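Data block for coords08.txt (compact mmCIF, C-alpha atoms):
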```txt
# COMPACT_ATOMS: atom_id res chain seq x y z
CA MET A 538 146.75 103.57 106.06
CA SER A 539 148.64 105.23 108.88
CA ASN A 540 148.57 103.74 112.34
CA SER A 541 146.90 106.79 113.87
CA ARG A 542 144.15 106.70 111.25
CA ALA A 543 143.62 102.99 111.86
CA GLY A 544 143.49 103.64 115.59
CA LEU A 545 140.91 106.39 115.08
CA ILE A 546 138.66 104.14 113.00
CA TRP A 547 138.78 101.31 115.53
CA ALA A 548 138.16 103.78 118.38
CA ALA A 549 135.14 105.23 116.57
CA VAL A 550 133.70 101.74 115.96
CA ALA A 551 134.30 100.75 119.59
CA ILE A 552 132.60 103.93 120.82
CA ALA A 553 129.63 103.42 118.49
CA ILE A 554 129.02 99.94 119.89
CA LEU A 555 130.13 100.31 123.52
CA VAL A 556 128.52 103.65 124.44
CA PRO A 557 124.94 102.36 123.85
CA LEU A 558 125.84 99.25 125.89
CA ILE A 559 127.21 101.34 128.76
CA ALA A 560 124.19 103.66 128.63
CA ALA A 561 121.86 100.65 128.78
CA ALA A 562 123.83 99.26 131.71
CA ALA A 563 122.96 102.48 133.57
CA SER A 564 119.21 102.13 132.87
CA PRO A 565 116.99 102.52 135.96
CA LEU A 566 114.76 99.76 134.57
CA LEU A 567 117.43 97.18 135.41
CA ALA A 568 116.66 97.57 139.13
CA TRP A 569 113.22 96.09 138.54
CA ARG A 570 114.23 93.19 136.30
CA GLU A 571 115.40 89.68 137.04
CA PRO A 572 118.81 88.56 135.70
CA ILE A 573 117.26 86.42 132.96
CA TYR A 574 115.24 89.40 131.65
CA ILE A 575 118.34 91.63 131.81
CA ALA A 576 120.31 88.99 129.87
CA ALA A 577 117.56 88.90 127.22
CA GLY A 578 117.77 92.65 126.72
CA PHE A 579 121.55 92.77 126.50
CA ALA A 580 121.67 89.87 124.04
CA GLY A 581 119.49 92.02 121.79
CA ILE A 582 121.65 95.12 122.27
CA ILE A 583 124.82 93.13 121.52
CA ALA A 584 123.24 91.70 118.35
CA LEU A 585 122.33 95.24 117.23
CA GLY A 586 125.91 96.40 117.88
CA LEU A 587 127.37 93.48 115.94
CA LEU A 588 125.19 94.40 112.96
CA LEU A 589 127.36 97.52 112.60
CA LEU A 590 130.49 95.39 112.17
CA GLN A 591 129.08 93.17 109.42
CA PRO A 592 128.89 95.73 106.58
CA LEU A 593 132.08 97.44 107.82
CA LEU A 594 133.94 94.14 107.41
CA ILE A 595 132.56 93.43 103.95
CA GLY A 596 133.16 97.01 102.83
CA GLY A 597 136.79 96.74 103.93
CA PHE A 598 136.49 99.69 106.31
CA LEU A 599 138.14 98.02 109.29
CA PRO A 600 141.92 98.49 109.30
CA GLY A 601 143.89 95.25 109.41
CA LEU A 602 140.97 93.23 108.15
CA SER A 603 140.43 92.90 104.43
CA GLY A 604 139.58 90.30 101.85
CA LEU A 605 139.53 86.77 103.19
CA SER A 606 140.33 87.64 106.80
CA ALA A 607 137.47 90.17 106.89
CA ARG A 608 135.14 87.53 105.48
CA ARG A 609 136.25 84.99 108.06
CA VAL A 610 135.50 87.49 110.88
CA HIS A 611 132.18 88.34 109.18
CA ARG A 612 131.21 84.65 109.35
CA TRP A 613 132.19 84.36 113.02
CA ILE A 614 130.25 87.48 113.93
CA GLY A 615 127.30 86.12 111.99
CA ALA A 616 127.44 83.00 114.16
CA ILE A 617 127.58 85.14 117.32
CA VAL A 618 124.54 87.12 116.10
CA VAL A 619 122.63 83.84 115.69
CA LEU A 620 123.60 82.87 119.23
CA ALA A 621 122.63 86.31 120.59
CA VAL A 622 119.22 86.13 118.90
CA ILE A 623 118.61 82.66 120.39
CA VAL A 624 119.61 83.88 123.88
CA HIS A 625 117.36 86.97 123.40
CA VAL A 626 114.28 84.94 122.47
CA VAL A 627 114.80 82.06 124.94
CA ALA A 628 115.48 84.41 127.86
CA LEU A 629 112.40 86.51 127.00
CA TRP A 630 110.42 83.26 126.79
CA ILE A 631 111.56 82.30 130.30
CA THR A 632 110.68 85.82 131.54
CA SER A 633 107.16 85.84 130.09
CA PRO A 634 106.13 82.85 127.92
CA PRO A 635 102.77 84.20 126.64
CA ASP A 636 104.31 87.45 125.38
CA VAL A 637 106.93 85.55 123.34
CA ILE A 638 104.37 83.07 121.99
CA ASP A 639 102.20 86.02 120.87
CA ALA A 640 105.23 87.58 119.16
CA LEU A 641 106.26 84.38 117.36
CA LEU A 642 102.68 83.82 116.17
CA PHE A 643 102.46 87.44 114.94
CA VAL A 644 99.51 88.23 117.26
CA SER A 645 101.37 90.41 119.75
CA PRO A 646 99.75 93.74 120.71
CA THR A 647 103.16 95.44 120.46
CA PRO A 648 103.98 96.76 116.98
CA PHE A 649 107.72 96.17 117.34
CA SER A 650 107.42 92.41 117.87
CA VAL A 651 106.65 91.63 114.24
CA TRP A 652 109.82 93.46 113.13
CA GLY A 653 111.93 91.55 115.61
CA VAL A 654 110.51 88.20 114.59
CA LEU A 655 111.03 89.01 110.88
CA ALA A 656 114.66 89.93 111.60
CA MET A 657 115.08 86.72 113.60
CA TRP A 658 113.92 84.51 110.72
CA ALA A 659 116.12 86.46 108.31
CA VAL A 660 119.15 85.93 110.62
CA PHE A 661 118.43 82.19 110.76
CA ALA A 662 117.91 82.00 106.98
CA ALA A 663 121.14 83.91 106.30
CA ALA A 664 123.09 81.62 108.64
CA PHE A 665 121.54 78.48 107.15
CA LEU A 666 122.35 79.56 103.58
CA ALA A 667 125.88 80.54 104.60
CA ALA A 668 126.46 77.17 106.24
CA PHE A 669 125.05 75.11 103.36
CA ARG A 670 125.89 77.39 100.45
CA LYS A 671 128.31 74.94 98.83
CA ARG A 672 126.24 71.83 99.51
CA LEU A 673 123.15 73.53 98.07
CA GLY A 674 125.16 74.49 95.00
CA ILE A 675 124.10 78.13 95.14
CA ARG A 676 125.73 80.15 92.36
CA PRO A 677 127.70 83.27 93.38
CA ARG A 678 125.25 85.73 91.86
CA THR A 679 122.25 84.01 93.44
CA TRP A 680 124.11 83.85 96.73
CA ARG A 681 124.88 87.54 96.66
CA LEU A 682 121.27 88.45 95.90
CA LEU A 683 119.92 86.15 98.64
CA HIS A 684 122.42 87.19 101.28
CA THR A 685 122.11 90.93 100.68
CA SER A 686 118.30 90.72 100.60
CA LEU A 687 118.34 88.92 103.93
CA ALA A 688 120.83 91.48 105.26
CA ALA A 689 118.43 94.27 104.26
CA VAL A 690 115.57 92.54 106.12
CA ILE A 691 117.80 91.94 109.17
CA VAL A 692 118.94 95.57 109.36
CA THR A 693 115.48 97.06 108.72
CA GLY A 694 113.71 94.65 111.06
CA THR A 695 116.24 95.06 113.86
CA VAL A 696 116.37 98.85 113.67
CA VAL A 697 112.57 99.32 113.63
CA HIS A 698 112.23 96.71 116.41
CA ALA A 699 114.78 98.49 118.59
CA ALA A 700 113.57 102.02 117.81
CA LEU A 701 109.94 101.27 118.81
CA ILE A 702 110.84 99.64 122.12
CA GLU A 703 110.77 101.49 125.40
CA GLY A 704 113.36 99.48 127.25
CA THR A 705 116.79 99.61 128.80
CA MET A 706 118.51 101.31 125.84
CA GLU A 707 118.94 105.06 126.24
CA THR A 708 117.09 106.83 123.41
CA VAL A 709 119.84 109.01 121.92
CA THR A 710 122.55 106.33 121.90
CA LYS A 711 120.04 103.78 120.59
CA LEU A 712 118.94 105.95 117.67
CA ALA A 713 122.56 106.93 116.91
CA LEU A 714 123.62 103.27 116.70
CA CYS A 715 120.54 102.39 114.61
CA SER A 716 121.28 105.27 112.21
CA LEU A 717 124.91 104.18 111.88
CA VAL A 718 123.91 100.60 111.09
CA ILE A 719 121.55 101.83 108.35
CA VAL A 720 123.99 104.34 106.87
CA VAL A 721 126.92 101.88 106.79
CA THR A 722 124.75 99.14 105.30
CA ILE A 723 123.49 101.44 102.53
CA LYS A 724 127.02 102.73 101.90
CA VAL A 725 128.38 99.20 101.42
CA PHE A 726 125.41 98.16 99.27
CA VAL A 727 125.98 101.19 97.03
CA ASP A 728 129.79 100.86 96.93
CA LEU A 729 129.67 97.18 96.03
CA ARG A 730 126.69 97.69 93.72
CA VAL A 731 125.18 94.61 95.29
CA TRP A 732 121.88 94.85 93.45
CA ALA A 733 123.26 96.23 90.21
CA ARG A 734 122.42 94.28 87.09
CA GLY A 735 125.27 91.95 86.22
CA ALA A 736 127.33 92.90 89.26
CA ALA A 737 130.41 90.74 89.34
CA SER A 738 130.71 88.41 92.26
CA ARG A 739 133.74 88.93 94.41
CA MET B 148 85.39 114.05 77.36
CA THR B 149 82.34 115.84 78.82
CA SER B 150 80.29 112.71 78.96
CA ALA B 151 83.21 110.90 80.58
CA MET B 152 83.48 113.68 83.17
CA LEU B 153 79.74 113.57 83.79
CA SER B 154 79.68 109.85 84.14
CA ARG B 155 82.63 110.00 86.53
CA ARG B 156 80.84 112.69 88.55
CA SER B 157 77.64 110.68 88.65
CA LEU B 158 79.66 107.61 89.56
CA ILE B 159 81.21 109.46 92.50
CA ALA B 160 77.77 110.71 93.54
CA SER B 161 76.20 107.28 93.41
CA VAL B 162 79.16 105.70 95.21
CA GLY B 163 78.78 108.39 97.87
CA ALA B 164 75.06 107.71 98.15
CA VAL B 165 75.66 103.97 98.46
CA ALA B 166 78.38 104.57 101.03
CA ALA B 167 76.11 106.86 103.05
CA THR B 168 73.29 104.33 102.96
CA GLY B 169 75.66 101.52 103.81
CA LEU B 170 77.22 103.41 106.70
CA SER B 171 73.91 104.50 108.17
CA GLY B 172 72.77 100.92 107.73
CA ILE B 173 75.69 99.92 109.96
CA ILE B 174 75.30 102.74 112.47
CA VAL B 175 71.55 102.71 113.06
CA PRO B 176 71.22 99.22 114.57
CA ALA B 177 74.27 99.98 116.75
CA GLN B 178 72.46 103.04 118.11
CA ALA B 179 69.36 100.93 118.68
CA LYS B 180 71.45 98.46 120.68
CA GLY B 181 73.16 101.28 122.63
CA LEU B 182 76.53 100.95 124.27
CA ALA B 183 78.65 98.23 122.63
CA PRO B 184 80.53 95.73 124.83
CA THR B 185 84.30 96.22 125.26
CA PRO B 186 86.24 93.59 123.32
CA SER B 187 89.27 91.94 124.95
CA MET B 188 92.59 93.42 123.88
CA ARG B 189 95.41 91.43 122.29
CA GLY B 190 97.74 90.06 124.93
CA GLY B 191 95.34 91.21 127.66
CA SER B 192 95.24 87.82 129.39
CA ASN B 193 99.01 87.28 129.40
CA ASN B 194 100.30 86.13 132.81
CA TYR B 195 96.75 86.18 134.22
CA ARG B 196 96.27 84.40 137.55
CA PRO B 197 92.61 83.51 138.09
CA GLY B 198 91.27 84.15 141.57
CA ALA B 199 93.73 86.81 142.73
CA PRO B 200 92.61 87.95 146.22
CA ILE B 201 90.73 91.20 146.83
CA VAL B 202 93.27 93.55 148.44
CA GLU B 203 93.36 97.02 150.01
CA ARG B 204 96.27 97.78 147.72
CA ILE B 205 98.92 95.83 145.81
CA GLY B 206 102.31 96.01 147.53
CA ASN B 207 103.35 99.43 148.80
CA GLY B 208 101.24 101.42 146.34
CA GLY B 209 102.09 104.85 144.92
CA PHE B 210 100.30 104.32 141.59
CA TRP B 211 96.55 104.26 140.90
CA MET B 212 94.67 102.03 138.49
CA THR B 213 91.19 103.41 137.97
CA GLY B 214 88.21 102.77 135.74
CA THR B 215 84.54 102.05 135.33
CA VAL B 216 82.34 99.03 134.71
CA ARG B 217 79.07 99.47 132.83
CA ARG B 218 76.47 97.23 131.25
CA ALA B 219 76.33 96.93 127.48
CA GLY B 220 73.20 98.39 125.89
CA ASP B 221 71.85 100.86 128.47
CA GLY B 222 75.26 101.75 129.96
CA ALA B 223 74.03 101.29 133.54
CA PRO B 224 76.88 101.35 136.08
CA LEU B 225 77.59 97.94 137.58
CA GLY B 226 78.40 97.87 141.30
CA GLY B 227 80.10 95.06 143.19
CA GLN B 228 81.98 93.75 140.15
CA ARG B 229 85.33 92.10 140.74
CA ILE B 230 88.18 93.50 138.62
CA GLN B 231 91.61 91.85 138.70
CA ILE B 232 94.73 93.92 138.08
CA TRP B 233 98.36 93.01 137.46
CA ALA B 234 101.46 94.56 135.87
CA HIS B 235 105.24 94.67 135.86
CA THR B 236 105.97 97.15 138.64
CA THR B 237 108.85 98.39 140.76
CA GLU B 238 107.96 95.55 143.15
CA GLY B 239 107.66 92.57 140.84
CA HIS B 240 107.20 90.90 137.47
CA GLU B 241 103.82 90.23 135.89
CA ARG B 242 104.16 86.54 136.72
CA ASP B 243 104.78 87.11 140.44
CA PRO B 244 101.69 86.36 142.57
CA HIS B 245 102.33 89.49 144.65
CA SER B 246 101.98 91.65 141.50
CA HIS B 247 98.31 90.59 141.28
CA GLY B 248 95.28 91.86 143.16
CA ALA B 249 91.56 92.42 142.79
CA THR B 250 89.06 95.08 143.80
CA LEU B 251 85.28 95.62 143.61
CA THR B 252 83.41 98.43 141.88
CA ASP B 253 81.35 100.82 143.99
CA ALA B 254 77.64 101.53 143.45
CA ASN B 255 78.51 103.93 140.62
CA GLY B 256 80.52 101.26 138.79
CA ASN B 257 83.84 102.94 139.61
CA PHE B 258 86.94 101.11 140.80
CA ARG B 259 90.36 102.29 141.93
CA LEU B 260 93.19 100.19 143.29
CA GLU B 261 96.51 101.46 144.54
CA MET B 262 99.51 99.47 143.33
CA PRO B 263 103.28 99.92 142.87
CA GLN B 264 104.54 102.12 140.02
CA ILE B 265 104.18 100.37 136.64
CA VAL B 266 107.50 100.29 134.75
CA PRO B 267 108.05 99.49 131.05
CA ALA B 268 108.23 95.75 130.38
CA PHE B 269 108.30 93.94 127.07
CA GLY B 270 108.75 97.27 125.36
CA GLN B 271 105.78 99.24 126.71
CA PRO B 272 104.64 100.59 130.10
CA HIS B 273 101.30 98.78 130.37
CA GLY B 274 98.88 97.24 132.82
CA HIS B 275 96.52 94.28 132.69
CA LEU B 276 92.92 94.11 133.90
CA ALA B 277 90.39 91.31 133.86
CA TYR B 278 86.70 90.91 134.45
CA ASP B 279 86.34 87.15 134.84
CA SER B 280 83.22 86.26 136.84
CA ASP B 281 80.08 84.35 135.90
CA GLU B 282 77.49 87.07 135.31
CA PHE B 283 79.05 88.68 132.25
CA GLU B 284 81.35 87.66 129.40
CA THR B 285 85.03 87.67 130.33
CA VAL B 286 87.04 90.73 129.20
CA PHE B 287 90.82 91.22 129.36
CA LEU B 288 92.27 94.72 128.90
CA ARG B 289 95.87 95.82 128.35
CA PRO B 290 95.99 99.65 128.50
CA ILE B 291 99.27 101.42 127.69
CA MET B 292 100.55 104.42 129.67
CA ARG B 293 101.07 107.59 127.65
CA SER B 294 104.30 108.14 129.57
CA SER B 295 106.15 105.72 131.81
CA LYS B 296 106.30 108.58 134.35
CA ASP B 297 102.49 108.62 134.73
CA LYS B 298 101.19 107.87 138.22
CA THR B 299 97.78 106.63 137.08
CA LEU B 300 96.27 104.49 134.35
CA GLU B 301 92.63 103.95 133.54
CA ALA B 302 90.61 101.27 131.82
CA HIS B 303 86.89 100.98 131.16
CA PHE B 304 84.73 97.91 130.88
CA VAL B 305 81.38 97.59 129.12
CA LEU B 306 80.16 94.08 129.87
CA GLN B 307 77.78 91.85 128.03
CA ALA B 308 75.58 89.33 129.82
CA ALA B 309 77.09 85.85 129.61
```
Translate this file's structure into structure tokens.
Amino acid sequence: MSNSRAGLIWAAVAIAILVPLIAAAASPLLAWREPIYIAAGFAGIIALGLLLLQPLLIGGFLPGLSGLSARRVHRWIGAIVVLAVIVHVVALWITSPPDVIDALLFVSPTPFSVWGVLAMWAVFAAAFLAAFRKRLGIRPRTWRLLHTSLAAVIVTGTVVHAALIEGTMETVTKLALCSLVIVVTIKVFVDLRVWARGAASR
Amino acid sequence: MTSAMLSRRSLIASVGAVAATGLSGIIVPAQAKGLAPTPSMRGGSNNYRPGAPIVERIGNGGFWMTGTVRRAGDGAPLGGQRIQIWAHTTEGHERDPHSHGATLTDANGNFRLEMPQIVPAFGQPHGHLAYDSDEFETVFLRPIMRSSKDKTLEAHFVLQAA
């Protein structure tokens, strides 16, 4: 891959993730929110942005990162996503405890909450399985099925959650990032035939 | 085939008849009872502060919360009823005491309270209202604005004797 092509790919990825963040940073709603509430929102936006990197890394689309090094970065980003989700939920809890309790108990009046909570549990489950995969003796094929299923729940849950929210994210950049995350995830699932019968583990 | 068709047709007819009877069975007593009481909405009581003071307006105003309070059954307007209102606005969070205020209904059961502009919080531009006095059952409402640019929001209470 030529240097200019590699530069273009990295620039496109940076734009896809940073433009929605910058647009959210310009939201008028921020003026009427306390720092803890603002932090909660941005933790969520960062987690959504990082979800774009995960399939790109595994699909080998990011120049300079392939094979083992891509997987190592994928694991680190997974850990950061877990952290971002925890910050998101805890900071929302501090902002308005009853709204977060309603969401976690699946009795929230807002339809997007259930999707967010589903994605949260899928993120935690994926991280737990990744951390204890060897100790639990999970076979490669089982691992692949579990991890990709959880990834599908994470992507679907996060995208629906984000799309239904009227918040600090600007609508066009939000929907563009959400679409990219879905398209890239599907592309990698199809390319790697993750759910194909008898797919070889890598 | 014909008999099967006929039996299916008669089945549909009888199911329809049963459904009609069943539905009217549900509707008729409701009509006899009249206006049904408003149930509390999910999340309606979140960040409620009992005993918020009656105020001329909340903060600097610019936005109107309006509505009506009626009695279940005959639908008679209820005057002098205390309605508490709070929301995330341009002047404060839902939890802030200064985001809360109360008002009384007039003789026609109408209330209107000026408050700061409601802004989207926790994903939706919404307000909270409570009827929480002794005479009737407590009701918490959480209406959602059609657009976050709206300058008014309304909510209606039908109360049931406690």
List every residue of chain A that has an atom at most 8 Å from any atom of chain B, and for each one report the closest atom pair and its distance in Å to one decimal, counting only C-alpha atoms, with rows sorted by chain and then by increasing residue number, as a tab-separated table.
```
residue	atom	partner	partner_atom	distance
A:Leu566	CA	B:Val266	CA	7.3
A:Trp569	CA	B:Thr237	CA	5.4
A:Arg570	CA	B:His240	CA	7.5
A:Ser633	CA	B:Arg242	CA	7.3
A:Pro635	CA	B:Asn193	CA	5.6
A:Asp636	CA	B:Asn193	CA	6.7
A:Asp639	CA	B:Gly190	CA	7.3
A:Val644	CA	B:Arg189	CA	7.2
A:Ser645	CA	B:Gly190	CA	6.3
A:Pro646	CA	B:Arg189	CA	5.2
A:Thr647	CA	B:Gly270	CA	7.7
A:Leu701	CA	B:Gly270	CA	7.8
A:Ile702	CA	B:Gly270	CA	4.5
A:Glu703	CA	B:Gly270	CA	4.7
A:Gly704	CA	B:Gly270	CA	5.5
```
Practice task
Would you mind telling me which residue in A:Leu729, A:Ala616, A:Leu567, A:Ala621 lies nearest to Phe665 of chain A when using all atoms listed in the file?
Solution key: A:Ala616
Exercise for the section: Go ahead and find all residues with at least one atom no further than 7 Å from (98.1, 87.6, 142.2) in the file's coordinates, using all atoms listed in the file; report them as a list in words. Expected result: Arg196, Ala199, Pro200, Asp243, Pro244, His245, Ser246, His247 and Gly248 of chain B
Exercise for the section: For His303 of chain B, list every protein, DNA or RNA residue within 12 Å, evaluated using all atoms listed in the file, and leave out those in the same chain fewer than 6 positions away; present the list as a VMD selection string. Expected result: chain B and resid 184 to 188 212 to 219 222 224 to 225 230 252 256 to 259 275 to 278 286 to 290
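Atom CA of Trp652 of chain A sits 8.0 Å away from atom CA of Thr693 of chain A.
Taking atom CA of Ala549 of chain A and atom CA of Lys711 of chain A as the two end points, the separation is 15.7 Å.
Computed from the coordinates, the atom CA of Leu666 of chain A to atom CA of Gly615 of chain A distance equals 11.8 Å.
Proximity to Trp613 of chain A at 12 Å, evaluated using all atoms listed in the file and with sequence-adjacent residues fewer than 4 positions away removed, yields Leu587, Leu590, Gln591, Leu594, Ser606, Ala607, Arg608, Arg609, Ile617, Val618, Val619, Leu620, Ala664, Ala667 and Ala668 of chain A.
Here the question is which of A:Ala560, A:Ala543, A:Leu641, A:Ala662 gets nearest to Val627 of chain A using only C-alpha atoms, and that residue is A:Leu641.
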Practice task
Write out as a PyMOL selection string which residues come within 12 Å of Leu593 of chain A when counting only C-alpha atoms, dropping same-chain ones fewer than 2 positions away.
Solution key: chain A and resi 546-547+550+586-591+595-600+602-604+607-608+610-611+614+717-726+728
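Distance check against Gly208 of chain B using all atoms listed in the file: of B:Leu260, B:Ala223, B:Ala183, B:Ala308, the minimum falls on B:Leu260.
The closest residue to Leu682 of chain A, picked from A:Ala553, A:Val626, A:Val731, A:Leu605 and counting only C-alpha atoms, is A:Val731.
Compared by their closest atoms to Ser686 of chain A, and using all atoms listed in the file, the residues A:Ala713, A:Ala700, A:Ala656, A:Ile631 rank with A:Ala656 nearest.
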Can you fill out segment 577-599 of chain A with N, CA and C atoms and hand it back as a CSV table (one decimal), in the coordinates of the input?
```csv
chain,number,residue,atom,x,y,z
A,577,ALA,N,118.3,88.9,128.5
A,577,ALA,CA,117.6,88.9,127.2
A,577,ALA,C,117.8,90.2,126.5
A,578,GLY,N,117.6,91.3,127.3
A,578,GLY,CA,117.8,92.6,126.7
A,578,GLY,C,119.2,92.9,126.2
A,579,PHE,N,120.2,92.5,127.0
A,579,PHE,CA,121.6,92.8,126.5
A,579,PHE,C,121.9,91.9,125.3
A,580,ALA,N,121.4,90.7,125.2
A,580,ALA,CA,121.7,89.9,124.0
A,580,ALA,C,121.2,90.6,122.8
A,581,GLY,N,120.0,91.2,122.9
A,581,GLY,CA,119.5,92.0,121.8
A,581,GLY,C,120.4,93.2,121.5
A,582,ILE,N,120.8,93.9,122.5
A,582,ILE,CA,121.6,95.1,122.3
A,582,ILE,C,123.0,94.7,121.6
A,583,ILE,N,123.5,93.6,122.1
A,583,ILE,CA,124.8,93.1,121.5
A,583,ILE,C,124.6,92.8,120.0
A,584,ALA,N,123.5,92.1,119.7
A,584,ALA,CA,123.2,91.7,118.4
A,584,ALA,C,123.1,93.0,117.5
A,585,LEU,N,122.5,94.0,118.0
A,585,LEU,CA,122.3,95.2,117.2
A,585,LEU,C,123.7,95.9,117.0
A,586,GLY,N,124.6,95.9,118.0
A,586,GLY,CA,125.9,96.4,117.9
A,586,GLY,C,126.7,95.6,116.9
A,587,LEU,N,126.6,94.3,116.9
A,587,LEU,CA,127.4,93.5,115.9
A,587,LEU,C,126.9,93.7,114.5
A,588,LEU,N,125.7,94.1,114.3
A,588,LEU,CA,125.2,94.4,113.0
A,588,LEU,C,126.0,95.6,112.3
A,589,LEU,N,126.6,96.4,113.2
A,589,LEU,CA,127.4,97.5,112.6
A,589,LEU,C,128.7,97.0,112.0
A,590,LEU,N,129.2,95.9,112.6
A,590,LEU,CA,130.5,95.4,112.2
A,590,LEU,C,130.4,94.7,110.8
A,591,GLN,N,129.2,94.0,110.6
A,591,GLN,CA,129.1,93.2,109.4
A,591,GLN,C,129.3,93.9,108.1
A,592,PRO,N,128.6,95.0,107.8
A,592,PRO,CA,128.9,95.7,106.6
A,592,PRO,C,130.3,96.4,106.6
A,593,LEU,N,130.7,96.8,107.7
A,593,LEU,CA,132.1,97.4,107.8
A,593,LEU,C,133.1,96.4,107.4
A,594,LEU,N,133.0,95.2,107.8
A,594,LEU,CA,133.9,94.1,107.4
A,594,LEU,C,133.9,93.9,105.9
A,595,ILE,N,132.7,93.8,105.4
A,595,ILE,CA,132.6,93.4,104.0
A,595,ILE,C,133.0,94.6,103.1
A,596,GLY,N,132.8,95.8,103.6
A,596,GLY,CA,133.2,97.0,102.8
A,596,GLY,C,134.7,97.3,102.9
A,597,GLY,N,135.4,96.6,103.8
A,597,GLY,CA,136.8,96.7,103.9
A,597,GLY,C,137.1,98.0,104.7
A,598,PHE,N,136.3,98.4,105.6
A,598,PHE,CA,136.5,99.7,106.3
A,598,PHE,C,137.3,99.5,107.6
A,599,LEU,N,137.5,98.2,108.0
A,599,LEU,CA,138.1,98.0,109.3
A,599,LEU,C,139.6,97.7,109.0
```
